Structures are given as structure tokens and as C-alpha cells.
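Comments concern the structure below.
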Number of protein chains: 2
Amino acid sequence: MRTPLFSILLVFMLSIIAAFPITSTAQTHTVTSPENVLSVTFGLNDGVPFYSVDRFGVPVISPSRLGFQLQGTAPLDRNFRIAAHHTETFDETWTQVWGEKKHIRNHYNELRVELQEAEGARREMSVVFRVYDDGIGFRYEIPEQENLPVIDILDELTEFTLTGNHTAWWVGAYQWNRFEYYPQETPLSAVDTVHTPLTMKTADDLYLSFHEAALVDYSTMTLERTEGYTLKANLMPWADGVRVKGGTSVITPWRTIQISDTPGGLFTSYLILNLNEPNKIEDTSWIKPSKYVGIWWEMHLDKSTWGSGEKHGATTENAKRYIDFAAEHGFDHVLVEGWNTGWDGEWYASGVVFSFTEPYEDFDLEGVAQYALDNGVRLMGHHETSASVLHYEDQMEDAFALYERLGVRAVKSGYVGHGQEIFWLDDDGEPQYEWHHGQFMVNHHQRVVELAARHKIALNVHEGVKDTGLRRTWPNLMTREVAIGQEYNAWGEAGGNPPEYTVQLPFTRSLAGPFDYTPGVVDLHFDQYRPDNRIKSTLAKELALYITIYSPLHMAADLPEHYEARPDALEFIKMVPTDWYDTKVLHASIGNYVTIVRKDVNSDDWYLGSITDENGRFLEAPLHFLDRDREYNAIIYRDGHDADWESNPYDMVIEEITVNANTILPIRLAAGGGQVIRFTPVP
Amino acid sequence: MRTPLFSILLVFMLSIIAAFPITSTAQTHTVTSPENVLSVTFGLNDGVPFYSVDRFGVPVISPSRLGFQLQGTAPLDRNFRIAAHHTETFDETWTQVWGEKKHIRNHYNELRVELQEAEGARREMSVVFRVYDDGIGFRYEIPEQENLPVIDILDELTEFTLTGNHTAWWVGAYQWNRFEYYPQETPLSAVDTVHTPLTMKTADDLYLSFHEAALVDYSTMTLERTEGYTLKANLMPWADGVRVKGGTSVITPWRTIQISDTPGGLFTSYLILNLNEPNKIEDTSWIKPSKYVGIWWEMHLDKSTWGSGEKHGATTENAKRYIDFAAEHGFDHVLVEGWNTGWDGEWYASGVVFSFTEPYEDFDLEGVAQYALDNGVRLMGHHETSASVLHYEDQMEDAFALYERLGVRAVKSGYVGHGQEIFWLDDDGEPQYEWHHGQFMVNHHQRVVELAARHKIALNVHEGVKDTGLRRTWPNLMTREVAIGQEYNAWGEAGGNPPEYTVQLPFTRSLAGPFDYTPGVVDLHFDQYRPDNRIKSTLAKELALYITIYSPLHMAADLPEHYEARPDALEFIKMVPTDWYDTKVLHASIGNYVTIVRKDVNSDDWYLGSITDENGRFLEAPLHFLDRDREYNAIIYRDGHDADWESNPYDMVIEEITVNANTILPIRLAAGGGQVIRFTPVP
């Protein structure tokens, strides 16, 4: 923790915040969404830029400041005049390479306002608003100009002033380093500095999500409550305190506010993707959504170790055992963690330890990779960087080239760091650092994804930067962790993930993008290894996570021997797709329950996943999404009559019935329970 | 107000309330609902009877007391043993004469516990629980027995102990006299003494409604918060303080708790009806759901008066004008208020003033009734009792006989009282009273409905006792007011009904039963009459009330000349049915928005009504309820692009499109707006 620096910045920022009364002489321009649901007003108030957002004429964002503090020169936040403004309408439907929905409509009205200082240096800055029916995005553009030769941003002044003490779901940005906290549900007035996505619900049952899109060559935005109901951008800094080193021009990420009458409306909003640039990878044929197994959960159970020695998990023999299992059951990749030298000792504390090309002696990398290919399976590579980024960058060209040669198509990366920040030793052996989510790391991750693309390798990033929709531009950036995953059930201090966590996820972490939660643990108690821990879920709920959590790379996380003991559950995990034609939300209550249906992109099958928290539910699901001209065979995996996460988690009934678009299915979820259904058209 | 008496009773009751810790030796019996959703446990704790309710193993009602305080004898609340207990399962589907759903399934498991005092008088009492998947009902039965010759109940001790500080929607029982308040939304801890239905939402997004079913020969139950989260039955008393004069045996109404994961689940729960006795009227062919117009709104606008004189509304000429309008547009009844002598002067303060058979001189009752019949219309009768109930009872046989002879099939009654309580002068001219909702009045209303049935007359009761589902037993008891209606928009001190009121109604007042709100006012400003008042609604929302509020007698409340100025709106009011084959809820958020669809009982048409509060909404409605084998023509009445309840309420678009069961319709509701749709199968 670097509290002193952080505190100094906080005091500095607080000193420039004030209430923002709009004068009657304010100069404004307004743009509405296509269906006149939302309207955004941009204005200058005595030369100070602000914006506000209304929904059906009712304020959602009160007038809120815009602008920057710059290093070595006057701020860009006052004394402006509107030099020009333009509006335009955009409407296109684009196709995802893979995703939760195949075809996405991008329909907005745009307002571009070009500002120039009214006197003095007459510096220029534009603000661009895109107004959708389901939310807004805006960004700043600071062009190259004579009177602003270098743009070093000390502070982005963007504010979001809410209209009431809304309920908020958030994870704190306490240590500037990670996202691995359980979401808190509090009044807005209890928010301090938090990560995005930040989710809110108003007293009028309106749902809001604050986030950013297209985070490229900029610092991650957290949100800090500065006073009352006002949040302000709080950018992750460089070590020297500068927030963004912009060079000669800056285009910021989009600041986004998604707004819906329902939680489900947030879940199926594609605004973040729409605000990203189109795909830049010409040949995407090698990017394949898929499922994987691997040598991972057994280390969390302490059955084996990452490090070498008697309990080493990543042995040739063990890897071949997983490959055999994957080949038999049709899994696409086998992840092997702990394969490379460097895992012995306190690797996460000592930095530059890993080789990304040299396997341990008991792991025949080339042989195992070939054995996998011979069995129709591929290795999933693993790059744990220990957050020693420069050390990793030195090796990564060779590392990706090696994996490409071995037929690897996906790499899981990790950034578990020393004291949680990214660090290295300088030429004098002095430790240097940068923050985990600052511009330094944003640019590092960008280098990795572009390098990986050149080697035809997809990424599954753990402990990385949050997802801001870059997967549209770089579809090899497939999934991430960046939240508490399944492993906390093995050893988490809080006794594992509470039943409500997985019903918060769709409306918190998952609003950012795909999540490698690693579901599918079917031995819920693992008494053989960690008798004091367990998964707080019924078996049916664990299966339903494959639907409620989206990831184009989904793990079947449990051990082969555990799956062999539960062939019924395995059967569902084998069949569930990871690439979807469409996604709809049937029920949604944040932190309480959710029912999601998805259509397979490769067939006419639909899948339903429904989960609840520690309370049982008795819901009705109208099957309106089924093609009305067909009958469907439904295979249902549901909690049994006496199922209960705590006392009876394995009571699961599997049954088949025939249904159609007029069917209304009762969805009975036990306490901590769930249900999954596969609908297949009757030929 | 009788505050002193009320206060004395309050102090008395508080003194007997205490926390209810259950000992480990408690003797218990448990019964679960058919799908094992709910379970009810009855027990004796050191001889003191209690019950509790769990849902999926999680407590909803903590152990709560049962029993009675009796006049002149020991209480029936302790020292019991269980003499016998029986369980049984019941499952039948019955058919409503009219209603919001034609066929209703009544499926429950019952636990009957027969109690007997363990020593002393060995008096007996039974408690019967019926446990549904969507709620529970329980009642007491005190049989005739030697050691309890007269049962005068001083207090019913039934408690409902909640598990948290839930959000509650309620109208206060402040004056013991009426229900005409706007629902309050508060934490449970702010509830004092309130009417039922009492609606709650828990932090886990569970919805509860507390009410009673089959209120016959007993006093109305209000609920009083006695401490913490404990509510206790607080029965309306007789003037002498006795709550119920039970005679030699008592069967209480059912105390009901409806429980659902969604507000819509409360709306489509038929538990209250299921707990009432089957229909007792053999020939129901004369009971017809229908629509009416009448001489009523014009008095609220002060265009005319109830009393005689120049502005008298109920003239022969004016009545014929309404009959002509009804005949032309197909309305079934014409209500005429102010037709009978007694309206002049302060009738509501002076009691025994009305004749129920003698018309004013300028109103030719017989001639108007015949004119109506000749034009295919019927008069709707009107009995304003001024709460002088004995005076009314003296005349009511003649009054109903007269109406029957004149072809009247429905009577609207009123109980606007002196100081709001029911009163009369005794033989010495001294004023006597009974409370508006006590056993005295419950029994009066029962006499009226049975008498009306003998005369083939249906009832529309205003200022009466709340609905407890007696319409199942007496289907001529068609509708009631017993809440704030449309007329508050004409002169209400709060500036009329706020936009949120009508979106609270489905989950508060309407949970009791049909509501004669009198919608359909299409001149929303009525500037000619009351320029300082208006209806806080768009025109499309006013139409949607015909769907969101259920009444088998729905008024088209506006003046004929106002309808003639808005023929488009009138066209919808003419077509909308008042009797339904089925009802489903598509969206529901209490006090925020609701979308309800209903299927006409006489055709294959469906109707959708959607309304919102002061916030606009942009929802999606999947049309899963449509028969999947058909295409439908949809006539849509929706808020226009710039509609807004405050600034632009008449902006309404009418359009026709073709839809089917796979269609997902966007439902765009302006601030304070609404939408109605009629779906008709394409032949």
C-alpha cells in the first residue's frame, strides 16, 4: 500500500470539488437517444464544461463537471467557448467473432462539441457523447496543438452526480491492486473509492452501471465519492503521481453509464462492446470458444503443488491423465500450471524467478504437447508472471513462439505480485514499481494481446486489468478472472463464496465481460483434501453457472476422478456450449436470483440456467424464446424435493419432458440451489 | 374519533404481549405445501399455542402466538394439550362465475389440530392450517361446549412475527373508519396499526401479503405492530368494547399470508378465493360483468349537484342523455346518483335523511328505467345510506324490490357517515354508533348481499368493509371501492392521485379483490370546471387502468361530451372486456410499473395494460401468452414520442401491427404514462 501518496492526491482532489450550480446563462446542447428515452445535455457554465443526463425528462445525472488537471500547465477545465458542435446518427448491426450474442445493433445519436479556450493559449478539447436508449458513453479528445506540446494528466475531473442515495454494489479500490473482494451492497453514501463496473439501483427501481469502454493507452478509472452523491473519476497513477502520460494527443476511454428499468436490461446491454473499435484480427478462424480441464484445482485442494518435488502436479504422467480424460470426454484444452521453473520458494514475493520456456525436469513439455495433439486435444499454456512484467516482456516473444510451435492456442496468464503491485529491479538493483491498473500495465497488456494474436494464441488473463470490451477489437483476448473465483471455495478465509455471490456476479463483475470463474466442481465437499471447506451450493446450481456466467473459455475445474464419480453432472458439462447466438434474461434480482437463457450458436438448442442465493425460489419461466413452430425435448437438471445447499446438496433430479413456446415451466430452486435445462428441437 | 377507548384497548393489549421463546420441550406438528415450498409448524410451548412458517427451510414467520381473551372467563391461550391432529391433501379446480381467471386450482395440504385445556374446564379449540405453495391460511374453530356457553371475544391474540425490518406498504387504520388513504411505503418498524392487505418486501426480494379470507359474522382484522417486527391482530370492536360476539360457537375468518418471489406472484395468487366457500347462488345467469356510465363525475366536477335545484344532475332529461350515450356506445348500465330525496343539506352529518324509494320530482324513475330498457340499457341503482344503517335496513326490502321491478340488475351503495362511523338515534333520540368495520357492519353487509341476491341484484359497495373473497360465495357481490378512487383527482387536497398511486394499487388494495376505481376520464384537465385540478396521467395510461385494475363492473367515468371529443379513446373503452379467462403479469415493481395481460372470457382476444409512475420506462414484453399456432392483429394505444403526464398528456399513438407468440414488443411508457394493446387472432 502506498497510502501517503494516495492520501495526498485525495486531499488535492477534494480541494477542487465544489457544488455545481448552473447559471441561467449557461450555453447548452442536447442530444436524445433514438427512441427519446435518454437525453444528454452538454453545457458551459461561465466557461466551465458540464453535462447532465435525463431519462424521460427525469434527471438521472445532475449537472456534473468535465475537464483535466495537467502537469506544468493550466488546467483544461474552464474558460471555454463552444467552437463548433455536430450531431449525427449511427445505426449498424455487426457480428461478433464469438460471444453471448451473435449480431449486435449499434444505434446511437452522437453529439460532438469542440471547445476552445476563450482567451490566452486558446487550447482545444472536444467532448463526444454517444446516446443510446440503454445508456450513454462520452470521451474526451485532446488534439495535438502548439500550446499544449506534452499532455501529462494529473487528474481527470469527470464527475457523475447522482440524484439520490441509491443502493450500490461495488468492490473497493482500497489497495489499487486487485478486484478480489466480494461485492458490497450499501447506500451510495457509504461508497468511498471503488472499481467499475459500479452498479446502482434507485428508489424508483431504475438500474445503473458505471464503467468505461476501450481502455487503451490510458489509466484505469476508479470512482471516488467526493461529496454527497457525487462520484469523480480517480485514475490509477504512475509511480511518479502523473495519472496519464498522454504524449502529444489524447483520446480517453469512453466513460459509460448503462441505464435500464431492469437488472436484466444491464445484463443484455452491449453498449460497452459497441463503444469499442471493430475487430482488427483478419483471420479469426483459430479463435475457438471451448472448454478446458487441467492441473489446477488439485493444487488448490493441496492434493498436489505448483512447485517441484514429491507432490508436483505438473508431471508428464499427470498431464497425460488429464489429456486422456479430456480426449475421452471432448474437452478442448488441458491447462497445466506449475510446468515451468520458478515455482519453488516464495515466487510471488521475490519477483524475477520464472522461465517461460524451461519446463521442470519431470514435465516433458514437447512430449506432452504432442501427446495432446495426437489425442485431439491441445495444451492450454500458462504464464504466471509474478507481476514481474519487464522480466516477462524480455521472454514473451520466445514464450509465445514456443507455444505456437507446440500447437497451443490459448494461454492463461497470471499477475500475482509482490505486495500486489507490478515491480522490477532497476539497473542498480533498486526495486521499482508501477500500479497494477495504471497506464503502464494497460499498455503492457496491450502489447501482450497483440503479440499473442501474431502467434495465433488466445488469452485468459488472471489478476489483470478489468475488461472494457477490448475483446471486440482483439477477439483473442477471450476471458479474464479479475474477481473472486472458484478457488476461494477451497481456502477462502470467509469460508468460501457465500451463496449470494454468484447471483451478484451477473450484475457486477460480469457486466465488464467474460469471466473465467472455473465452475463445474461436482465434489462439493472435497473432504479427502480440505474437510473444513466446501462449496456452498447444490450440485444443480454448480451446473447452472455455465449459463449464468459467460466465458468463451469455460473450465471444468474438478478432478477427473470426481467427474467419474458423478457421470450425470459430467454429461451436462460436456454438452454445454461456450458460444451463443443469443442471450435473454427471464428473471433477475441482484444478489437474489437470476434465470438466463442462451441459444447455441452452432445448433437450434437453447439452454436455461437459473440460480438463487441462500433462499429457495419458486419461479415461472415462460419459454417464449423457443421457436413457436417446433416442439422441444427438454432435459432438466433440477434440485430434488429435499435439496438444500447446506444439508442435502447432491439431491438432483434429471428428467426429460416435451415443451414448446407456450409452456410456462415452474422453476423450483432449493435454498442455495439452481437448475439447468437443455432444449433441443424434436426432429 | 373515539381515541380514549382506542387508547385504553391499546394499553391493555400491550400489557399481554411478550417475546415468545420456544422451549426445547415444545410439542410440534409440521405440514408442508404440495411442492415443499412452504412449511407450517404448529406447537405448544408449555401449553401455549404458537405457529411458525418456513420457506425452503428459511424462516418467514418466527414462532408467533395464537389464542383469545374472552369476556367473563379465562383466556383461551394457554394450558393446552393436543387432543388430536389430522392432515389431509386437497386438490380441485373450480370455475368462477366471473373473474380475473376462469378456472382456479385449489391445492393445499391441511393440518387440523384439536386442542383441549389440560386441566380445569377442559375447554376445546381447534386451529386449522391450509398450506399452499403460494401462501398459507389458518383459522380457529371454537365448538359449542358446556364450559363455554357464550363466547364474547375481547381480543384475538394472533401474532405474525416477521424476521426482519421489511419494506411495508400499508394504509393506516387511524380512525377505524375508512381505507381512503394513499399507501405508505415504510420500513416495518414504522408501521403502527394498519388495514389489510398489508404488503411487504424482504431484503431477500421475497413478497408477502397479510390479509384475511371469508370475513363472515366476525370483526374486521387490522394489524398492530406491538413490538419489534411483531404484528398482532387488532379486531374492530363493538361500541361496548367487545371485539366479537360469538354466541355459542365461533369459526373465525382465515388469517392469510401470501408469499411469492415476485410481486406478480401475489397479484395472481387466488388463495383468498380458495379459502372462501363455494358459490351459494344457484342461478347466476343474471350476474353479468359489464361497463357503465352515469351521472357522477359531473357532480365531482361541480358541473351539477346531487341535491335538488337548478344544478340537479339526476334529472329525467340528463338521465336520458346518458342512456342515449350508453345505447349508442354499448354500455350496459347508467348510474344515476342523487335521484332520491334526502340529498339536500348536510346529509352526511345528519343521518336518517334518505328515502330509498322516493325520487326527486324532476326525476321520473319509472319512466327513465323504462326508457333505458327500451334502449337496451339498464339503470344502475344507487343507495347512499349516509351510514344510517338501521334506517336503511328498514327500507331496503322495498328498495331492492322496487329496483328489481324496474329491471335494475346492479346497485351502487354508499356508507359516507357522520364522523365516519355508523350511527343511529335510539328510541330516546340519543345517538348510538357502531364502528364502520366491526362485526355489526360485517353482518349488515351480509344481510344486504343476501337480500340483493334474492332480488337478482348485484352490488358495487362504496365505503364498505374490505373485500375478503366473499364474491366466490356470493358472486352478486361484484365490486367495491374501499380505497381512494378517481374522484380524488377532481378535488383531492393532495392535488389528486400521484402517478405512483395506480402502480401501488395492484399490490395493495387490489390484492383484496375487484375495485370500482372508475377509470376512463379522457378530459384530463377539465379546465372548464376545476381548473386547479387535473389527472396526473397520460391519456394512454388512463386507458390502461381498465386492465391493471380489475373490476367486473368498470365505469367509463367521464361525461358524454368529453368522450365525443376523444372518439379514439372511447373506442378502446368500448371494446375492453370486464370478464377474463386468464390473467398474467409480465412486469411488476411495486409503486413503479406493472404490465398485465388478460384473456377475454368470450373470445380469443388478449389485452395488455402497462402503466408507470412519474418515471418513464422502456420495457420488453414477450408475447408468450399468445397461442403459438396463430398470428394476431395488435391494436396498440401508446404514449407518443413526446408524451409526458405533466407537459403533454394527450400525445397518444394508435397503430396496428401483426405479432405472434415469438414477438418481443418494446413497451415504451412516458413519464406518468401507459399503454394498452388488444390482440385479436388473424382469421
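Please note that chains go A, B, ... in the order of the C-alpha cells, that every chain numbers its residues from 1, and that ligands are numbered from 1 in the order shown.
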
Which chain B residues have any atom within 8 Å of an atom of chain A, and for each, what is the nearest pair of atoms with distance in Å to one decimal, counting only C-alpha atoms, rows sorted by chain and number, as a tab-separated table?
```
residue	atom	partner	partner_atom	distance
B:Glu35	CA	A:His641	CA	7.5
B:Asn36	CA	A:His641	CA	6.8
B:Val37	CA	A:Phe618	CA	7.3
B:Arg55	CA	A:Gly616	CA	7.1
B:Phe56	CA	A:Gly616	CA	5.1
B:Gly57	CA	A:Ala671	CA	7.4
B:Val58	CA	A:Asn615	CA	6.8
B:Asp204	CA	A:Asn592	CA	6.1
B:Asp205	CA	A:Asn592	CA	6.8
B:Ser260	CA	A:Phe618	CA	7.6
B:Asp261	CA	A:Arg617	CA	6.3
B:Ser589	CA	A:Asp205	CA	7.3
B:Asn592	CA	A:Asp204	CA	6.1
B:Asn615	CA	A:Val58	CA	6.8
B:Gly616	CA	A:Phe56	CA	5.1
B:Arg617	CA	A:Asp261	CA	6.3
B:Phe618	CA	A:Asp261	CA	6.7
B:Leu619	CA	A:Asp261	CA	6.9
B:Pro622	CA	A:His624	CA	6.5
B:Leu623	CA	A:His624	CA	7.1
B:His624	CA	A:His624	CA	4.7
B:Phe625	CA	A:Asn662	CA	6.5
B:Leu626	CA	A:Asn662	CA	7.6
B:Asp627	CA	A:Asn662	CA	7.0
B:Arg628	CA	A:Arg628	CA	5.4
B:Asp629	CA	A:Arg628	CA	7.4
B:His641	CA	A:Asn36	CA	6.8
B:Asp642	CA	A:Asn36	CA	7.9
B:Asp644	CA	A:Phe56	CA	8.0
B:Ala661	CA	A:His624	CA	6.7
B:Asn662	CA	A:His624	CA	5.8
B:Ala670	CA	A:Phe56	CA	6.3
B:Ala671	CA	A:Phe56	CA	5.9
```

Discussion item. Give me, as a ChimeraX atom specification, all polymer residues having an atom no more than 9 Å from B:Ala372, counting only C-alpha atoms and skipping those fewer than 2 positions away in the same chain.
Written reply: /B:320,323-324,327,333-334,367-370,374-379

Worksheet item: What's the 7 Å shell around stretch 399-401 of chain A, counting only C-alpha atoms, without same-chain residues fewer than 2 positions away, as a list in words?
Response: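 The residues that qualify are Phe356, Thr357, Gln395, Met396, Glu397, Tyr403, Glu404, Arg405, Ala452 and His455 of chain A.
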
Worksheet entry | Residue contacts of A:Glu631 (6 Å, only C-alpha atoms) excluding same-chain residues fewer than 4 positions away, as a ChimeraX atom specification | /A:659-660,681-682

Save the residues we just selected, N, CA, C and O atoms, as a JSON list (two decimals), in the first residue's frame?
```
[["chain", "number", "residue", "atom", "x", "y", "z"],
["A", 659, "VAL", "N", -41.75, -29.71, -24.44],
["A", 659, "VAL", "CA", -42.26, -28.35, -24.21],
["A", 659, "VAL", "C", -42.35, -27.61, -25.52],
["A", 659, "VAL", "O", -41.86, -28.07, -26.55],
["A", 660, "ASN", "N", -42.98, -26.43, -25.48],
["A", 660, "ASN", "CA", -42.99, -25.54, -26.64],
["A", 660, "ASN", "C", -43.07, -24.10, -26.17],
["A", 660, "ASN", "O", -43.02, -23.82, -24.96],
["A", 681, "PRO", "N", -34.77, -29.10, -30.36],
["A", 681, "PRO", "CA", -35.97, -29.29, -31.19],
["A", 681, "PRO", "C", -36.22, -30.77, -31.49],
["A", 681, "PRO", "O", -35.27, -31.52, -31.76],
["A", 682, "VAL", "N", -37.47, -31.16, -31.41],
["A", 682, "VAL", "CA", -37.84, -32.52, -31.80],
["A", 682, "VAL", "C", -37.81, -32.57, -33.32],
["A", 682, "VAL", "O", -38.38, -31.72, -33.98]]
```

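Considering the residues B:Tyr529, B:Gly609, B:His445, B:Asp344 and counting only C-alpha atoms, B:Ala387 has its shortest atom-to-atom contact with B:His445.
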
Worksheet item: What is the distance between atom CA of A:Phe331 and atom CA of A:Asn633, in Å to one decimal?
Response: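 Atom CA of A:Asn633 lies at a distance of 24.6 Å from atom CA of A:Phe331.
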
Fill in: Sel. of strand (DSSP E) residues, stretch 24-207 of chain B, as a PyMOL selection string
chain B and resi 27-32+38-45+48-55+58-65+68-70+80-95+103-117+124-132+135-142+152-156+159-162+167-170+184-187+193-194+198-201+207

Item to complete: List every residue of stretch 552-623 of chain B that DSSP, applied to the backbone, labels as alpha helix (DSSP H), and write the result as a ChimeraX atom specification.
Response: /B:560-565,567-575

Just all heavy atoms for this one: save the residues we selected as a tab-separated table (two decimals), in the first residue's frame.
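This is the output file out17.tsv:
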```
chain	number	residue	atom	x	y	z
B	560	PRO	N	-70.37	12.40	-21.34
B	560	PRO	CA	-70.56	12.03	-22.75
B	560	PRO	C	-69.89	13.01	-23.71
B	560	PRO	O	-69.26	12.60	-24.69
B	560	PRO	CB	-72.10	12.05	-22.91
B	560	PRO	CG	-72.61	11.73	-21.55
B	560	PRO	CD	-71.64	12.36	-20.59
B	561	GLU	N	-70.00	14.29	-23.41
B	561	GLU	CA	-69.42	15.28	-24.33
B	561	GLU	C	-67.89	15.19	-24.37
B	561	GLU	O	-67.26	15.48	-25.39
B	561	GLU	CB	-69.87	16.71	-23.96
B	561	GLU	CG	-69.54	17.16	-22.56
B	561	GLU	CD	-70.63	16.88	-21.52
B	561	GLU	OE1	-71.31	15.83	-21.64
B	561	GLU	OE2	-70.78	17.68	-20.57
B	562	HIS	N	-67.28	14.75	-23.27
B	562	HIS	CA	-65.82	14.59	-23.29
B	562	HIS	C	-65.42	13.38	-24.12
B	562	HIS	O	-64.41	13.40	-24.82
B	562	HIS	CB	-65.29	14.45	-21.85
B	562	HIS	CG	-65.38	15.73	-21.07
B	562	HIS	ND1	-65.22	15.78	-19.70
B	562	HIS	CD2	-65.63	17.01	-21.47
B	562	HIS	CE1	-65.36	17.04	-19.30
B	562	HIS	NE2	-65.62	17.79	-20.34
B	563	TYR	N	-66.24	12.33	-24.05
B	563	TYR	CA	-65.94	11.16	-24.90
B	563	TYR	C	-66.11	11.49	-26.37
B	563	TYR	O	-65.34	11.04	-27.22
B	563	TYR	CB	-66.83	9.97	-24.52
B	563	TYR	CG	-66.41	9.31	-23.23
B	563	TYR	CD1	-67.29	9.18	-22.17
B	563	TYR	CD2	-65.12	8.82	-23.06
B	563	TYR	CE1	-66.91	8.57	-20.98
B	563	TYR	CE2	-64.72	8.22	-21.88
B	563	TYR	CZ	-65.62	8.10	-20.83
B	563	TYR	OH	-65.22	7.51	-19.68
B	564	GLU	N	-67.14	12.29	-26.65
B	564	GLU	CA	-67.37	12.62	-28.07
B	564	GLU	C	-66.21	13.43	-28.64
B	564	GLU	O	-65.94	13.37	-29.84
B	564	GLU	CB	-68.72	13.33	-28.22
B	564	GLU	CG	-69.84	12.28	-28.24
B	564	GLU	CD	-71.19	12.79	-27.74
B	564	GLU	OE1	-71.32	14.02	-27.52
B	564	GLU	OE2	-72.10	11.95	-27.55
B	565	ALA	N	-65.48	14.12	-27.77
B	565	ALA	CA	-64.32	14.88	-28.23
B	565	ALA	C	-63.08	14.00	-28.39
B	565	ALA	O	-62.09	14.44	-28.97
B	565	ALA	CB	-64.02	16.03	-27.25
B	567	PRO	N	-62.93	10.40	-29.63
B	567	PRO	CA	-63.52	9.13	-30.09
B	567	PRO	C	-62.52	7.97	-30.11
B	567	PRO	O	-62.91	6.82	-29.91
B	567	PRO	CB	-64.03	9.46	-31.49
B	567	PRO	CG	-63.29	10.69	-31.90
B	567	PRO	CD	-63.02	11.46	-30.65
B	568	ASP	N	-61.23	8.27	-30.29
B	568	ASP	CA	-60.24	7.18	-30.32
B	568	ASP	C	-60.15	6.49	-28.97
B	568	ASP	O	-60.13	5.26	-28.89
B	568	ASP	CB	-58.86	7.73	-30.69
B	568	ASP	CG	-58.78	8.11	-32.16
B	568	ASP	OD1	-59.72	7.78	-32.90
B	568	ASP	OD2	-57.79	8.74	-32.54
B	569	ALA	N	-60.08	7.30	-27.94
B	569	ALA	CA	-60.00	6.73	-26.60
B	569	ALA	C	-61.29	6.00	-26.26
B	569	ALA	O	-61.28	4.90	-25.69
B	569	ALA	CB	-59.72	7.83	-25.57
B	570	LEU	N	-62.42	6.59	-26.64
B	570	LEU	CA	-63.71	5.95	-26.37
B	570	LEU	C	-63.78	4.58	-27.03
B	570	LEU	O	-64.31	3.62	-26.46
B	570	LEU	CB	-64.85	6.85	-26.87
B	570	LEU	CG	-66.25	6.25	-26.74
B	570	LEU	CD1	-66.61	5.95	-25.28
B	570	LEU	CD2	-67.30	7.19	-27.36
B	571	GLU	N	-63.22	4.48	-28.22
B	571	GLU	CA	-63.26	3.22	-28.95
B	571	GLU	C	-62.62	2.10	-28.12
B	571	GLU	O	-63.15	0.98	-28.05
B	571	GLU	CB	-62.51	3.40	-30.28
B	571	GLU	CG	-62.84	2.36	-31.32
B	571	GLU	CD	-64.31	2.31	-31.68
B	571	GLU	OE1	-65.00	3.36	-31.61
B	571	GLU	OE2	-64.80	1.21	-32.00
B	572	PHE	N	-61.50	2.40	-27.47
B	572	PHE	CA	-60.88	1.37	-26.63
B	572	PHE	C	-61.75	1.04	-25.42
B	572	PHE	O	-61.94	-0.13	-25.08
B	572	PHE	CB	-59.48	1.78	-26.16
B	572	PHE	CG	-58.92	0.74	-25.22
B	572	PHE	CD1	-58.36	-0.43	-25.73
B	572	PHE	CD2	-59.02	0.87	-23.84
B	572	PHE	CE1	-57.90	-1.44	-24.88
B	572	PHE	CE2	-58.56	-0.13	-22.98
B	572	PHE	CZ	-58.00	-1.28	-23.50
B	573	ILE	N	-62.29	2.07	-24.78
B	573	ILE	CA	-63.11	1.83	-23.58
B	573	ILE	C	-64.32	0.98	-23.94
B	573	ILE	O	-64.74	0.12	-23.15
B	573	ILE	CB	-63.52	3.18	-22.95
B	573	ILE	CG1	-62.27	3.93	-22.46
B	573	ILE	CG2	-64.50	2.97	-21.80
B	573	ILE	CD1	-62.54	5.37	-22.02
B	574	LYS	N	-64.85	1.17	-25.12
B	574	LYS	CA	-65.99	0.37	-25.56
B	574	LYS	C	-65.61	-1.10	-25.74
B	574	LYS	O	-66.38	-2.01	-25.43
B	574	LYS	CB	-66.56	0.92	-26.88
B	574	LYS	CG	-67.28	2.24	-26.74
B	574	LYS	CD	-67.50	2.93	-28.07
B	574	LYS	CE	-68.41	2.15	-28.99
B	574	LYS	NZ	-68.73	2.99	-30.19
B	575	MET	N	-64.42	-1.34	-26.24
B	575	MET	CA	-64.08	-2.72	-26.59
B	575	MET	C	-63.56	-3.54	-25.41
B	575	MET	O	-63.66	-4.75	-25.40
B	575	MET	CB	-63.04	-2.75	-27.73
B	575	MET	CG	-61.64	-2.36	-27.33
B	575	MET	SD	-60.38	-2.60	-28.65
B	575	MET	CE	-60.81	-1.36	-29.85
```

Worksheet item: If you count only C-alpha atoms, which residues fall within 6 Å of A:Arg598, apart from same-chain ones fewer than 4 positions away, as a list in words?
Response: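 The neighbour list is Asp582, Thr583, Trp606 and Tyr607 of chain A.
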
Worksheet item: Looking at only C-alpha atoms, which of B:Leu188, B:Gly338, B:Thr23, B:Asn274 is the one that sits closest to B:Val131?
Response: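 Under the stated criterion, the closest residue is B:Asn274.
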